[in-house]
Amino acid sequence: MKKIYLIGIGPGSRDYLTIQAIETLKKVDVFLLLERGERKDRDLLGLRKEILERHLKHGSYRVVTKKMPVRKRSRMAYQEEVAKWRGEVATTIEEFIENELKDDHSGGILVWGDPALYDGHLEMLRGLSKKIEFSYEVIPGISSIQVLAAKHKIPLNRISEPILITTARHLKEYNPAEIKNMIVVLDSHASFKAVDDEDIDIYWGGYLGSDDEILLSGRLKDIKEEIKKTIIEAKRRKGWIMDSYILRRASE
Ligand SMILES: C[S@@+](CC[C@H](N)C(=O)[O-])C[C@H]1O[C@@H](n2cnc3c(N)ncnc32)[C@H](O)[C@@H]1O
């Protein structure tokens with residue numbers, strides 16, 4: 001039977017690859033790389049190519065590069081829009097499995113960070129497995145939020161406190177008084193600016209793990225402007241940014 005390995009590669013450094021991920025790369029016959037052609041994707045695709053070249057012998061594997069379907073911004077509700085786009089990506093993966101893999105061959109998809117955190121591949125593969133015959137295995141990766149905590153040298157929670165992980169889109173739904181340990185991903189527009197609370201600290205990281213990594217932390221009210229300026233400047237310089245942060249109620 002055909003098999004897909006969904007391999008978490010960590011969020012930005014080739015050194016985040018686990019030994020399990022490296023051993024799995026060696027089992028893959030054909031890798032699927034999706035590219036959009038934008039500067040951000042070129043950079044992220046570059047890391048994936050570097051990982052393959054570093055760990056695999058030239059000629060021992062094949063790479064199929066396909067165009068990543070573009071998510072069209074529309075009047076649709078966000079969830080509907082993402083579901084439609086994911087359907088298109090799933091079709092691309094289906095074509096890869098059907099047309100590029102021989103029976104008993106394996107395909108590899110390199111997933112940024114960990115496949116379980118804000119990533120659609122697992123749901124896409126579950127859907128596809130009801131439609132076509134193949135098996136799949138998930139290799140966990142280091143996630144961006146683990147790297148964020150490690151770089152700031154903080155735990156994700158203090159004794160027995162809860163942790164909430166969400167996206168910038170949902171940040172405004174929370175009353176700042178509810179924030180204990182809130183991890184925010186998928187922002188890049190400095191949504192933390194709107195959080196109005198004297199007693200919240202922020203631990204912010206951009207391009208974590210890469211040579212361009214930026215770390216900033218402090219009382220939110222004091223450094224929100226600095227982080228916002230940093231984001232604008234970084235986007236101007238590189239053309240894109242990937243950032244995440246922890247909002248934490250300061251200890252009494
Ligand atoms: C679609 S989610 C994918 C998360 C990924 N699966 C993971 O485990 O980190 C993308 C978001 O993760 C965060 N992220 C991923 N890589 C990052 C990095 N190197 N530095 C900072 N944030 C990152 C950002 O908030 C980004 O918008």
# chains A, B, ... in the order shown; residues from 1 in each chain; ligands from 1

call {"tool": "residues_near_ligand", "arguments": {"ligand": "ligand 1", "cutoff": "8 Å", "atoms": "only C-alpha atoms and all ligand atoms", "output": "VMD selection string"}}
result
chain A and resid 8 10 to 13 111 to 119 141 to 145 148 167 184 to 188 205 to 210 213 242 to 245

call {"tool": "residues_around", "arguments": {"residues": "Met124 (chain A)", "least_positions_apart": "3", "cutoff": "9 Å", "atoms": "only C-alpha atoms", "output": "number ranges by chain"}}
result
A: 86-87, 89-90, 93, 120-121, 127-129

call {"tool": "write_last_selection", "arguments": {"atoms": "N, CA and C atoms", "output": "PDB file, in the first residue's frame"}}
result
ATOM      1  N   ARG A  86      -8.439  24.572   1.772  1.00  0.00           N
ATOM      2  CA  ARG A  86      -7.876  23.272   2.183  1.00  0.00           C
ATOM      3  C   ARG A  86      -8.336  22.162   1.237  1.00  0.00           C
ATOM      4  N   GLY A  87      -9.574  22.274   0.753  1.00  0.00           N
ATOM      5  CA  GLY A  87     -10.090  21.286  -0.207  1.00  0.00           C
ATOM      6  C   GLY A  87      -9.212  21.262  -1.456  1.00  0.00           C
ATOM      7  N   VAL A  89      -6.024  22.219  -1.614  1.00  0.00           N
ATOM      8  CA  VAL A  89      -4.703  21.652  -1.276  1.00  0.00           C
ATOM      9  C   VAL A  89      -4.831  20.128  -1.194  1.00  0.00           C
ATOM     10  N   ALA A  90      -5.930  19.656  -0.611  1.00  0.00           N
ATOM     11  CA  ALA A  90      -6.140  18.201  -0.481  1.00  0.00           C
ATOM     12  C   ALA A  90      -6.182  17.553  -1.873  1.00  0.00           C
ATOM     13  N   ILE A  93      -2.724  17.066  -3.024  1.00  0.00           N
ATOM     14  CA  ILE A  93      -2.087  15.922  -2.347  1.00  0.00           C
ATOM     15  C   ILE A  93      -2.640  14.607  -2.921  1.00  0.00           C
ATOM     16  N   GLY A 120      -3.196  22.156   8.612  1.00  0.00           N
ATOM     17  CA  GLY A 120      -4.344  21.438   8.050  1.00  0.00           C
ATOM     18  C   GLY A 120      -4.059  20.030   7.534  1.00  0.00           C
ATOM     19  N   HIS A 121      -2.777  19.628   7.458  1.00  0.00           N
ATOM     20  CA  HIS A 121      -2.465  18.360   6.787  1.00  0.00           C
ATOM     21  C   HIS A 121      -3.172  17.148   7.397  1.00  0.00           C
ATOM     22  N   GLY A 127      -9.381  13.038   5.658  1.00  0.00           N
ATOM     23  CA  GLY A 127     -10.438  13.114   4.641  1.00  0.00           C
ATOM     24  C   GLY A 127     -10.080  12.266   3.422  1.00  0.00           C
ATOM     25  N   LEU A 128      -8.827  12.396   2.971  1.00  0.00           N
ATOM     26  CA  LEU A 128      -8.410  11.663   1.759  1.00  0.00           C
ATOM     27  C   LEU A 128      -8.413  10.154   1.989  1.00  0.00           C
ATOM     28  N   SER A 129      -8.105   9.737   3.226  1.00  0.00           N
ATOM     29  CA  SER A 129      -8.013   8.295   3.490  1.00  0.00           C
ATOM     30  C   SER A 129      -9.387   7.619   3.389  1.00  0.00           C
TER      31      SER A 129
END

call {"tool": "closest_residue", "arguments": {"among": "A:Thr18, A:Val195, A:Lys151, A:Asp222", "to": "Glu173 (chain A)", "atoms": "only C-alpha atoms"}}
result
A:Val195

call {"tool": "closest_residue", "arguments": {"among": "A:Ile246, A:Ala150, A:Val28, A:Leu52", "to": "Leu164 (chain A)", "atoms": "only C-alpha atoms"}}
result
A:Ile246

call {"tool": "atom_distance", "arguments": {"atom1": "CA of Ala21 (chain A)", "atom2": "CA of Phe96 (chain A)"}}
result
21.0 Å

call {"tool": "select_by_dssp", "arguments": {"residues": "region 98-219 of chain A", "states": "helix (DSSP H, G or I)", "output": "PyMOL selection string"}}
result
chain A and resi 98-100+121-129+144-152+168-171+176-178+191-194

call {"tool": "closest_residue", "arguments": {"among": "A:Leu45, A:Ala77, A:Ile97, A:Ile183", "to": "Ile4 (chain A)", "atoms": "only C-alpha atoms"}}
result
A:Ile97

call {"tool": "select_by_dssp", "arguments": {"residues": "region 59-229 of chain A", "states": "strand (DSSP E or B)", "output": "VMD selection string"}}
result
chain A and resid 62 to 67 106 to 111 113 135 to 139 164 to 167 181 to 185 200 to 206 214 to 219

call {"tool": "closest_residue", "arguments": {"among": "A:Glu137, A:Asp196, A:Glu80, A:Glu23", "to": "Ile109 (chain A)", "atoms": "only C-alpha atoms"}}
result
A:Glu137

call {"tool": "residues_around", "arguments": {"residues": "Leu47 (chain A)", "least_positions_apart": "4", "cutoff": "7 Å", "atoms": "only C-alpha atoms", "output": "short mmCIF file (atom, residue, chain, number, x, y, z; two decimals) with all heavy atoms, in the first residue's frame"}}
result
data_model
loop_
_atom_site.label_atom_id
_atom_site.label_comp_id
_atom_site.auth_asym_id
_atom_site.auth_seq_id
_atom_site.Cartn_x
_atom_site.Cartn_y
_atom_site.Cartn_z
N ARG A 14 17.27 24.29 10.68
CA ARG A 14 17.43 22.89 10.25
C ARG A 14 17.88 22.01 11.41
O ARG A 14 17.79 20.80 11.37
CB ARG A 14 18.38 22.79 9.06
CG ARG A 14 19.69 23.46 9.30
CD ARG A 14 20.52 23.53 8.06
NE ARG A 14 21.90 23.78 8.45
CZ ARG A 14 22.94 23.54 7.71
NH1 ARG A 14 22.77 23.01 6.52
NH2 ARG A 14 24.14 23.79 8.13
N ASP A 43 11.46 31.30 0.91
CA ASP A 43 12.35 31.14 2.06
C ASP A 43 12.04 29.84 2.80
O ASP A 43 12.93 29.09 3.17
CB ASP A 43 12.20 32.31 3.04
CG ASP A 43 12.77 33.61 2.47
OD1 ASP A 43 13.40 33.54 1.40
OD2 ASP A 43 12.58 34.67 3.08
N ILE A 51 17.17 20.83 4.06
CA ILE A 51 17.06 19.66 4.94
C ILE A 51 17.26 18.38 4.12
O ILE A 51 17.99 17.47 4.51
CB ILE A 51 15.68 19.66 5.65
CG1 ILE A 51 15.71 20.67 6.80
CG2 ILE A 51 15.29 18.27 6.16
CD1 ILE A 51 14.37 20.89 7.49
#

call {"tool": "residues_around", "arguments": {"residues": "Val64 (chain A)", "least_positions_apart": "6", "cutoff": "9 Å", "atoms": "only C-alpha atoms", "output": "number ranges by chain"}}
result
A: 30-34, 96, 100

call {"tool": "write_last_selection", "arguments": {"atoms": "N, CA and C atoms", "output": "PDB file, in the first residue's frame"}}
result
ATOM      1  N   VAL A  30       9.448   9.670  -2.544  1.00  0.00           N
ATOM      2  CA  VAL A  30       9.153  10.931  -3.255  1.00  0.00           C
ATOM      3  C   VAL A  30       8.633  11.972  -2.258  1.00  0.00           C
ATOM      4  N   PHE A  31       9.199  13.164  -2.311  1.00  0.00           N
ATOM      5  CA  PHE A  31       8.721  14.254  -1.456  1.00  0.00           C
ATOM      6  C   PHE A  31       7.824  15.183  -2.255  1.00  0.00           C
ATOM      7  N   LEU A  32       6.789  15.666  -1.601  1.00  0.00           N
ATOM      8  CA  LEU A  32       5.932  16.676  -2.218  1.00  0.00           C
ATOM      9  C   LEU A  32       6.283  18.036  -1.622  1.00  0.00           C
ATOM     10  N   LEU A  33       6.673  18.964  -2.480  1.00  0.00           N
ATOM     11  CA  LEU A  33       6.903  20.338  -2.018  1.00  0.00           C
ATOM     12  C   LEU A  33       5.883  21.232  -2.696  1.00  0.00           C
ATOM     13  N   LEU A  34       5.232  22.059  -1.908  1.00  0.00           N
ATOM     14  CA  LEU A  34       4.231  22.970  -2.464  1.00  0.00           C
ATOM     15  C   LEU A  34       4.810  24.375  -2.462  1.00  0.00           C
ATOM     16  N   PHE A  96      -0.976  13.876  -6.073  1.00  0.00           N
ATOM     17  CA  PHE A  96       0.396  13.413  -5.794  1.00  0.00           C
ATOM     18  C   PHE A  96       0.386  11.921  -5.446  1.00  0.00           C
ATOM     19  N   GLU A 100       1.991  10.120  -8.543  1.00  0.00           N
ATOM     20  CA  GLU A 100       3.452  10.164  -8.378  1.00  0.00           C
ATOM     21  C   GLU A 100       3.995   8.995  -7.562  1.00  0.00           C
TER      22      GLU A 100
END

call {"tool": "atom_distance", "arguments": {"atom1": "CA of Asp201 (chain A)", "atom2": "CA of Trp240 (chain A)"}}
result
25.1 Å
